[in-house]
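Colleague: Input upload_24.pdb, format and content: PDB, C-alpha atoms, pLDDT in the B column.
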```pdb
MODEL        1
ATOM      1  CA  MET A   1      23.927  42.427  -3.182  1.00 58.00           C
ATOM      2  CA  ASP A   2      24.432  41.945  -6.865  1.00 68.00           C
ATOM      3  CA  SER A   3      24.961  44.709  -9.415  1.00 71.00           C
ATOM      4  CA  GLN A   4      21.192  45.072  -9.999  1.00 74.00           C
ATOM      5  CA  ASP A   5      20.195  45.502  -6.334  1.00 77.00           C
ATOM      6  CA  LEU A   6      21.801  48.915  -5.725  1.00 80.00           C
ATOM      7  CA  PRO A   7      20.065  50.673  -8.658  1.00 82.00           C
ATOM      8  CA  ARG A   8      16.749  49.110  -7.649  1.00 82.00           C
ATOM      9  CA  LEU A   9      17.179  50.286  -4.065  1.00 82.00           C
ATOM     10  CA  ALA A  10      18.107  53.793  -5.218  1.00 84.00           C
ATOM     11  CA  TYR A  11      15.028  53.877  -7.464  1.00 85.00           C
ATOM     12  CA  LEU A  12      12.746  52.786  -4.618  1.00 85.00           C
ATOM     13  CA  VAL A  13      14.232  55.372  -2.236  1.00 87.00           C
ATOM     14  CA  LEU A  14      13.785  58.176  -4.805  1.00 88.00           C
ATOM     15  CA  LEU A  15      10.253  57.026  -5.552  1.00 87.00           C
ATOM     16  CA  GLY A  16       9.471  56.957  -1.818  1.00 84.00           C
ATOM     17  CA  ILE A  17      10.884  60.472  -1.355  1.00 89.00           C
ATOM     18  CA  ALA A  18       8.850  61.764  -4.322  1.00 86.00           C
ATOM     19  CA  VAL A  19       5.613  60.219  -3.034  1.00 83.00           C
ATOM     20  CA  ALA A  20       6.252  61.462   0.524  1.00 80.00           C
ATOM     21  CA  GLY A  21       7.081  64.964  -0.783  1.00 82.00           C
ATOM     22  CA  TRP A  22       3.909  65.093  -2.858  1.00 82.00           C
ATOM     23  CA  PHE A  23       1.861  63.820   0.065  1.00 75.00           C
ATOM     24  CA  LEU A  24       3.296  66.494   2.416  1.00 75.00           C
ATOM     25  CA  ALA A  25       2.833  69.265  -0.154  1.00 79.00           C
ATOM     26  CA  GLU A  26      -0.796  68.305  -0.769  1.00 79.00           C
ATOM     27  CA  ASN A  27      -1.600  68.068   2.922  1.00 76.00           C
ATOM     28  CA  ARG A  28       0.494  70.920   4.385  1.00 75.00           C
ATOM     29  CA  GLN A  29      -2.628  72.513   5.912  1.00 79.00           C
ATOM     30  CA  SER A  30      -3.193  69.515   8.201  1.00 78.00           C
ATOM     31  CA  LEU A  31       0.228  68.043   9.026  1.00 73.00           C
ATOM     32  CA  GLY A  32      -1.089  66.204  12.139  1.00 79.00           C
ATOM     33  CA  LYS A  33      -3.609  64.293  10.062  1.00 78.00           C
ATOM     34  CA  THR A  34      -0.953  63.696   7.405  1.00 72.00           C
ATOM     35  CA  ALA A  35       1.455  62.297  10.005  1.00 77.00           C
ATOM     36  CA  ARG A  36      -1.222  59.898  11.295  1.00 82.00           C
ATOM     37  CA  GLN A  37      -2.008  58.711   7.769  1.00 80.00           C
ATOM     38  CA  ALA A  38       1.685  58.300   6.978  1.00 76.00           C
ATOM     39  CA  ALA A  39       2.171  56.282  10.185  1.00 83.00           C
ATOM     40  CA  ALA A  40      -0.784  54.055   9.286  1.00 86.00           C
ATOM     41  CA  TRP A  41       0.619  53.401   5.800  1.00 84.00           C
ATOM     42  CA  LEU A  42       4.067  52.739   7.247  1.00 83.00           C
ATOM     43  CA  LEU A  43       2.597  50.168   9.636  1.00 87.00           C
ATOM     44  CA  ILE A  44       0.684  48.516   6.785  1.00 90.00           C
ATOM     45  CA  PHE A  45       3.868  48.406   4.710  1.00 84.00           C
ATOM     46  CA  LEU A  46       5.884  46.928   7.596  1.00 82.00           C
ATOM     47  CA  GLY A  47       3.113  44.362   8.224  1.00 84.00           C
ATOM     48  CA  VAL A  48       3.245  43.217   4.614  1.00 84.00           C
ATOM     49  CA  ILE A  49       7.036  42.934   4.765  1.00 81.00           C
ATOM     50  CA  ALA A  50       6.789  40.931   8.009  1.00 78.00           C
ATOM     51  CA  ALA A  51       4.165  38.584   6.523  1.00 75.00           C
ATOM     52  CA  VAL A  52       6.311  37.965   3.436  1.00 74.00           C
ATOM     53  CA  GLY A  53       9.384  37.378   5.603  1.00 74.00           C
ATOM     54  CA  LEU A  54       7.575  35.002   7.952  1.00 75.00           C
ATOM     55  CA  TRP A  55       5.631  33.151   5.252  1.00 63.00           C
ATOM     56  CA  SER A  56       7.870  30.078   5.396  1.00 61.00           C
ATOM     57  CA  ASP A  57       7.256  29.857   9.156  1.00 62.00           C
ATOM     58  CA  ILE A  58       3.463  30.273   8.995  1.00 62.00           C
ATOM     59  CA  ARG A  59       2.824  28.407   5.720  1.00 58.00           C
ATOM     60  CA  ASP A  60       2.091  25.074   7.464  1.00 54.00           C
ATOM     61  CA  ASP A  61      -0.588  26.739   9.597  1.00 58.00           C
ATOM     62  CA  VAL A  62      -2.207  28.625   6.721  1.00 57.00           C
ATOM     63  CA  ALA A  63      -1.846  26.046   3.954  1.00 55.00           C
ATOM     64  CA  PRO A  64      -0.569  22.722   5.280  1.00 55.00           C
ATOM     65  CA  GLN A  65       1.073  20.446   2.744  1.00 59.00           C
ATOM     66  CA  GLN A  66       2.461  16.968   2.777  1.00 64.00           C
ATOM     67  CA  ALA A  67       6.211  16.504   2.621  1.00 64.00           C
ATOM     68  CA  VAL A  68       7.974  13.460   1.177  1.00 60.00           C
ATOM     69  CA  PHE A  69      11.391  12.399   2.470  1.00 63.00           C
ATOM     70  CA  GLU A  70      13.963   9.677   1.795  1.00 57.00           C
ATOM     71  CA  ASP A  71      12.951   8.657  -1.720  1.00 63.00           C
ATOM     72  CA  GLY A  72       9.282   8.611  -0.791  1.00 62.00           C
ATOM     73  CA  ALA A  73       9.683   6.169   2.102  1.00 74.00           C
ATOM     74  CA  ARG A  74       8.692   8.792   4.703  1.00 83.00           C
ATOM     75  CA  ILE A  75       5.713  11.129   4.423  1.00 85.00           C
ATOM     76  CA  GLU A  76       4.929  13.913   6.912  1.00 86.00           C
ATOM     77  CA  VAL A  77       1.636  15.775   6.907  1.00 86.00           C
ATOM     78  CA  PRO A  78       0.701  18.672   9.213  1.00 86.00           C
ATOM     79  CA  ARG A  79      -2.765  18.661  10.772  1.00 86.00           C
ATOM     80  CA  SER A  80      -4.974  20.994   8.792  1.00 84.00           C
ATOM     81  CA  PRO A  81      -7.054  23.744  10.406  1.00 82.00           C
ATOM     82  CA  ASP A  82     -10.128  21.465  10.296  1.00 85.00           C
ATOM     83  CA  GLY A  83      -8.319  19.026  12.629  1.00 87.00           C
ATOM     84  CA  HIS A  84      -7.889  16.278  10.012  1.00 90.00           C
ATOM     85  CA  TYR A  85      -4.903  14.998   8.090  1.00 90.00           C
ATOM     86  CA  HIS A  86      -5.201  15.364   4.318  1.00 91.00           C
ATOM     87  CA  LEU A  87      -3.075  13.475   1.808  1.00 90.00           C
ATOM     88  CA  THR A  88      -2.922  13.671  -1.970  1.00 91.00           C
ATOM     89  CA  LEU A  89      -2.387  10.324  -3.673  1.00 92.00           C
ATOM     90  CA  ARG A  90      -2.172   9.541  -7.361  1.00 93.00           C
ATOM     91  CA  LEU A  91      -4.801   7.050  -8.508  1.00 94.00           C
ATOM     92  CA  ASN A  92      -4.092   5.730 -11.993  1.00 92.00           C
ATOM     93  CA  GLY A  93      -1.954   8.860 -12.441  1.00 91.00           C
ATOM     94  CA  THR A  94      -4.603  11.373 -11.294  1.00 93.00           C
ATOM     95  CA  PRO A  95      -4.097  13.326  -8.037  1.00 94.00           C
ATOM     96  CA  VAL A  96      -6.914  12.749  -5.546  1.00 94.00           C
ATOM     97  CA  ASP A  97      -7.261  14.423  -2.140  1.00 92.00           C
ATOM     98  CA  PHE A  98      -8.065  12.163   0.810  1.00 93.00           C
ATOM     99  CA  ILE A  99      -8.886  12.555   4.474  1.00 92.00           C
ATOM    100  CA  VAL A 100      -6.943  10.061   6.566  1.00 92.00           C
ATOM    101  CA  ASP A 101      -9.568   7.976   8.365  1.00 91.00           C
ATOM    102  CA  THR A 102      -8.258   5.273  10.706  1.00 88.00           C
ATOM    103  CA  GLY A 103     -11.888   4.336  11.387  1.00 87.00           C
ATOM    104  CA  ALA A 104     -12.443   3.334   7.766  1.00 88.00           C
ATOM    105  CA  SER A 105     -11.503  -0.222   6.818  1.00 90.00           C
ATOM    106  CA  SER A 106     -11.028   0.537   3.121  1.00 92.00           C
ATOM    107  CA  VAL A 107     -10.051   3.296   0.755  1.00 94.00           C
ATOM    108  CA  VAL A 108     -13.380   4.881  -0.185  1.00 93.00           C
ATOM    109  CA  LEU A 109     -13.768   7.177  -3.192  1.00 94.00           C
ATOM    110  CA  SER A 110     -16.515   9.709  -3.604  1.00 92.00           C
ATOM    111  CA  GLU A 111     -18.402   9.456  -6.872  1.00 92.00           C
ATOM    112  CA  SER A 112     -16.858  12.732  -8.078  1.00 93.00           C
ATOM    113  CA  ASP A 113     -13.314  11.454  -7.438  1.00 94.00           C
ATOM    114  CA  ALA A 114     -14.208   8.155  -9.130  1.00 94.00           C
ATOM    115  CA  ARG A 115     -15.268  10.145 -12.208  1.00 93.00           C
ATOM    116  CA  ARG A 116     -12.022  12.148 -12.111  1.00 93.00           C
ATOM    117  CA  ILE A 117      -9.914   8.978 -12.353  1.00 94.00           C
ATOM    118  CA  GLY A 118     -11.933   7.646 -15.283  1.00 93.00           C
ATOM    119  CA  LEU A 119     -14.571   5.454 -13.636  1.00 93.00           C
ATOM    120  CA  ASP A 120     -18.246   5.724 -14.513  1.00 92.00           C
ATOM    121  CA  PRO A 121     -20.153   5.533 -11.201  1.00 91.00           C
ATOM    122  CA  ALA A 122     -23.432   4.872 -13.027  1.00 90.00           C
ATOM    123  CA  ALA A 123     -21.961   1.710 -14.580  1.00 91.00           C
ATOM    124  CA  LEU A 124     -20.651   0.253 -11.297  1.00 92.00           C
ATOM    125  CA  ARG A 125     -22.367  -2.554  -9.398  1.00 93.00           C
ATOM    126  CA  TYR A 126     -23.129  -1.325  -5.879  1.00 91.00           C
ATOM    127  CA  THR A 127     -23.307  -4.652  -4.088  1.00 91.00           C
ATOM    128  CA  GLY A 128     -21.533  -3.763  -0.837  1.00 91.00           C
ATOM    129  CA  ILE A 129     -22.814  -1.913   2.213  1.00 89.00           C
ATOM    130  CA  ALA A 130     -20.884   0.437   4.496  1.00 85.00           C
ATOM    131  CA  ASN A 131     -21.948   2.018   7.761  1.00 82.00           C
ATOM    132  CA  THR A 132     -20.871   5.641   7.876  1.00 77.00           C
ATOM    133  CA  ALA A 133     -21.425   8.617  10.138  1.00 74.00           C
ATOM    134  CA  ASN A 134     -24.194   9.622   7.715  1.00 73.00           C
ATOM    135  CA  GLY A 135     -25.875   6.217   7.808  1.00 80.00           C
ATOM    136  CA  THR A 136     -25.699   3.133   5.622  1.00 86.00           C
ATOM    137  CA  VAL A 137     -24.538   3.530   2.009  1.00 87.00           C
ATOM    138  CA  ARG A 138     -24.041   1.156  -0.873  1.00 91.00           C
ATOM    139  CA  THR A 139     -20.539   0.659  -2.251  1.00 92.00           C
ATOM    140  CA  ALA A 140     -19.007  -0.730  -5.415  1.00 93.00           C
ATOM    141  CA  ARG A 141     -15.665  -2.530  -5.341  1.00 95.00           C
ATOM    142  CA  VAL A 142     -13.155  -1.675  -8.081  1.00 95.00           C
ATOM    143  CA  VAL A 143      -9.497  -2.514  -8.528  1.00 95.00           C
ATOM    144  CA  LEU A 144      -7.186   0.348  -9.479  1.00 94.00           C
ATOM    145  CA  ASP A 145      -4.159  -0.231 -11.674  1.00 94.00           C
ATOM    146  CA  GLU A 146      -2.023   1.950  -9.392  1.00 94.00           C
ATOM    147  CA  ILE A 147      -2.228   3.920  -6.168  1.00 94.00           C
ATOM    148  CA  ALA A 148       0.818   6.035  -5.318  1.00 91.00           C
ATOM    149  CA  LEU A 149       1.968   8.248  -2.478  1.00 88.00           C
ATOM    150  CA  GLY A 150       5.349   9.926  -2.600  1.00 81.00           C
ATOM    151  CA  GLY A 151       7.761   7.579  -4.345  1.00 80.00           C
ATOM    152  CA  GLN A 152       5.853   4.440  -3.326  1.00 84.00           C
ATOM    153  CA  SER A 153       3.198   2.809  -5.462  1.00 88.00           C
ATOM    154  CA  ASP A 154       1.008  -0.268  -5.192  1.00 91.00           C
ATOM    155  CA  ARG A 155      -0.501  -2.115  -8.137  1.00 94.00           C
ATOM    156  CA  ASN A 156      -3.940  -3.729  -8.459  1.00 95.00           C
ATOM    157  CA  PHE A 157      -5.265  -2.046  -5.336  1.00 94.00           C
ATOM    158  CA  PRO A 158      -8.936  -2.576  -4.381  1.00 95.00           C
ATOM    159  CA  VAL A 159     -11.015   0.460  -3.402  1.00 95.00           C
ATOM    160  CA  LEU A 160     -14.680   1.151  -2.770  1.00 94.00           C
ATOM    161  CA  VAL A 161     -16.766   3.787  -4.516  1.00 94.00           C
ATOM    162  CA  ASN A 162     -19.366   5.366  -2.235  1.00 90.00           C
ATOM    163  CA  GLU A 163     -22.817   5.748  -3.760  1.00 87.00           C
ATOM    164  CA  GLY A 164     -23.774   8.239  -1.033  1.00 78.00           C
ATOM    165  CA  GLU A 165     -23.726  12.023  -1.057  1.00 77.00           C
ATOM    166  CA  SER A 166     -20.176  12.381   0.305  1.00 80.00           C
ATOM    167  CA  ASP A 167     -17.764  14.719  -1.456  1.00 82.00           C
ATOM    168  CA  LEU A 168     -14.840  13.339   0.533  1.00 87.00           C
ATOM    169  CA  SER A 169     -12.640  10.393  -0.270  1.00 93.00           C
ATOM    170  CA  LEU A 170     -11.349   8.453   2.727  1.00 92.00           C
ATOM    171  CA  LEU A 171      -7.923   6.868   3.108  1.00 93.00           C
ATOM    172  CA  GLY A 172      -8.660   3.819   5.237  1.00 92.00           C
ATOM    173  CA  MET A 173      -6.688   1.170   7.054  1.00 94.00           C
ATOM    174  CA  ASP A 174      -6.236  -1.228   4.147  1.00 93.00           C
ATOM    175  CA  TYR A 175      -3.869   1.341   2.619  1.00 94.00           C
ATOM    176  CA  LEU A 176      -2.429   2.714   5.870  1.00 93.00           C
ATOM    177  CA  SER A 177      -1.538  -0.803   7.063  1.00 92.00           C
ATOM    178  CA  ARG A 178       1.008  -1.014   4.228  1.00 91.00           C
ATOM    179  CA  PHE A 179       3.224   1.357   6.217  1.00 90.00           C
ATOM    180  CA  GLU A 180       5.613  -0.009   8.837  1.00 91.00           C
ATOM    181  CA  ARG A 181       5.145   3.011  11.058  1.00 91.00           C
ATOM    182  CA  ILE A 182       2.203   5.350  11.541  1.00 90.00           C
ATOM    183  CA  GLU A 183       2.711   8.065  14.136  1.00 91.00           C
ATOM    184  CA  ILE A 184       0.937  11.241  15.145  1.00 90.00           C
ATOM    185  CA  SER A 185       3.296  13.569  16.979  1.00 88.00           C
ATOM    186  CA  GLY A 186       3.429  17.325  17.418  1.00 86.00           C
ATOM    187  CA  GLY A 187       0.458  17.925  15.122  1.00 86.00           C
ATOM    188  CA  ARG A 188       2.019  15.905  12.294  1.00 87.00           C
ATOM    189  CA  LEU A 189       1.119  12.535  10.787  1.00 88.00           C
ATOM    190  CA  ILE A 190       4.238  10.535   9.954  1.00 88.00           C
ATOM    191  CA  LEU A 191       4.080   7.498   7.640  1.00 88.00           C
ATOM    192  CA  GLU A 192       7.131   5.311   6.980  1.00 88.00           C
ATOM    193  CA  ARG A 193       7.608   2.260   4.759  1.00 82.00           C
TER
ENDMDL
END
```
Represent the structure of the file as structure tokens.

Modeller:
Amino acid sequence: MDSQDLPRLAYLVLLGIAVAGWFLAENRQSLGKTARQAAAWLLIFLGVIAAVGLWSDIRDDVAPQQAVFEDGARIEVPRSPDGHYHLTLRLNGTPVDFIVDTGASSVVLSESDARRIGLDPAALRYTGIANTANGTVRTARVVLDEIALGGQSDRNFPVLVNEGESDLSLLGMDYLSRFERIEISGGRLILER
């Protein structure tokens, strides 16, 4: 405890006593009902304290995030509640969220993500074709100046822009194959270079 903690604690105790005293005085006619209400509020208060105290333990389940280790050479990502692994990469300096898709051969950008990194989807030449779960779509090949994950970056990296309706960008095997180790263990995706 530092010198500021004791006065704060004393203030909170006095405030709690004042509120409890007022509550009892206002409800002295029905003390049984008052006791039940006080117990309910106490349980709510204790629940909030428990949730705040346990937040670091439950954070990965509620809001999974990627973690970068060893100067960016190792990335760990918890499985998200939707059952997929999501990674955020920087494309030409702009963060873009991806779903890891080992069934995709290439990195595939949605048109909205392509716009976010400065590409004009209307000006692209959609000469390729990709078979997806939603059917066949046309694709345009572009080369990005940089694609980065953690502390690792690759220059002049080819990606496809999907002309279809998808809002999701896919992180395919042409990028994943740059890692020496890809492992799924204990609900975590582990990538190592």

Colleague: So that all listed atoms of stretch 37-45 of chain A fit with 8 Å spare on each side, what axis-aligned box centre and edge lengths in Å, to one decimal, would you give as lines of an AutoDock Vina configuration file?

Modeller:
```
center_x = 1.0
center_y = 53.6
center_z = 7.4
size_x = 22.1
size_y = 26.3
size_z = 21.5
```

Colleague: At most 9 Å from (-21.3, 0.3, 0.9), file frame, all atoms listed in the file: which residues, as a ChimeraX atom specification?

Modeller: /A:126-132,136-141,160-164

Colleague: If I take atom CA of A:Ala148 and atom CA of A:Leu91, how far is one from the other in Å, to one decimal?

Modeller: 6.5 Å

Colleague: Counting all atoms listed in the file, what is within 8 Å of stretch 111-113 of chain A, bar same-chain residues fewer than 3 positions away, as a ChimeraX atom specification?

Modeller: /A:96,116-117,121,161-163,166-167,169

Colleague: Let me know the residues the PyMOL selection byres ((chain A and resi 177) around 12) catches in the file above, as an MDAnalysis selection string.

Modeller: chainID A and resid 101:102 104:107 171:176 178:182 191:193

Colleague: Expressed in Å to a single decimal, how great is the separation between atom CA of A:Ala114 and atom CA of A:Leu87?

Modeller: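 Distance reported for this atom pair: 16.5 Å.
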
Colleague: Of the candidates A:His84, A:Pro78, A:Ile44, A:Leu170, which shows the shortest atom-to-atom distance to A:Asp97, using all atoms listed in the file?

Modeller: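 Distance minimum relative to A:Asp97 lands on A:Leu170.
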
Colleague: As an exercise, work out the distance from atom CA of A:Ala10 to atom CA of A:Lys33 in Å and give it to one decimal place.

Modeller: 28.6 Å

Colleague: What does the PyMOL selection byres ((chain A and resi 18-25) around 12) select in this file, as an MDAnalysis selection string?

Modeller: chainID A and resid 11:17 26:39 41:42

Colleague: When you look at A:Leu144 with a cut-off of 12 Å (counting all atoms listed in the file), what residues show up, excluding the ones that are within fewer than 5 positions of it in the same chain? I need them as a VMD selection string.

Modeller: chain A and resid 90 to 94 107 109 114 117 to 119 153 to 161

Colleague: Write the residues you've just listed into a file as a PDB file, in the coordinates of the input, and include C-alpha atoms for each of them.

Modeller:
```pdb
ATOM      1  CA  ARG A  90      -2.172   9.541  -7.361  1.00 93.00           C
ATOM      2  CA  LEU A  91      -4.801   7.050  -8.508  1.00 94.00           C
ATOM      3  CA  ASN A  92      -4.092   5.730 -11.993  1.00 92.00           C
ATOM      4  CA  GLY A  93      -1.954   8.860 -12.441  1.00 91.00           C
ATOM      5  CA  THR A  94      -4.603  11.373 -11.294  1.00 93.00           C
ATOM      6  CA  VAL A 107     -10.051   3.296   0.755  1.00 94.00           C
ATOM      7  CA  LEU A 109     -13.768   7.177  -3.192  1.00 94.00           C
ATOM      8  CA  ALA A 114     -14.208   8.155  -9.130  1.00 94.00           C
ATOM      9  CA  ILE A 117      -9.914   8.978 -12.353  1.00 94.00           C
ATOM     10  CA  GLY A 118     -11.933   7.646 -15.283  1.00 93.00           C
ATOM     11  CA  LEU A 119     -14.571   5.454 -13.636  1.00 93.00           C
ATOM     12  CA  SER A 153       3.198   2.809  -5.462  1.00 88.00           C
ATOM     13  CA  ASP A 154       1.008  -0.268  -5.192  1.00 91.00           C
ATOM     14  CA  ARG A 155      -0.501  -2.115  -8.137  1.00 94.00           C
ATOM     15  CA  ASN A 156      -3.940  -3.729  -8.459  1.00 95.00           C
ATOM     16  CA  PHE A 157      -5.265  -2.046  -5.336  1.00 94.00           C
ATOM     17  CA  PRO A 158      -8.936  -2.576  -4.381  1.00 95.00           C
ATOM     18  CA  VAL A 159     -11.015   0.460  -3.402  1.00 95.00           C
ATOM     19  CA  LEU A 160     -14.680   1.151  -2.770  1.00 94.00           C
ATOM     20  CA  VAL A 161     -16.766   3.787  -4.516  1.00 94.00           C
TER      21      VAL A 161
END
```

Colleague: Hey, what comes out of the PyMOL selection byres ((chain A and resi 83) around 12) on this file? Could you write it as a list in words?

Modeller: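 Selected by the PyMOL selection byres ((chain A and resi 83) around 12) in this file: Asp61, Pro64, Val77, Pro78, Arg79, Ser80, Pro81, Asp82, His84, Tyr85, His86, Ile99, Val100, Asp101, Gly187, Arg188 and Leu189 of chain A.
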
Colleague: Can you work out which one of A:Val142, A:Val52, A:Leu46, A:Leu89 has the shortest atom-to-atom distance to A:Leu124, counting only C-alpha atoms?

Modeller: A:Val142
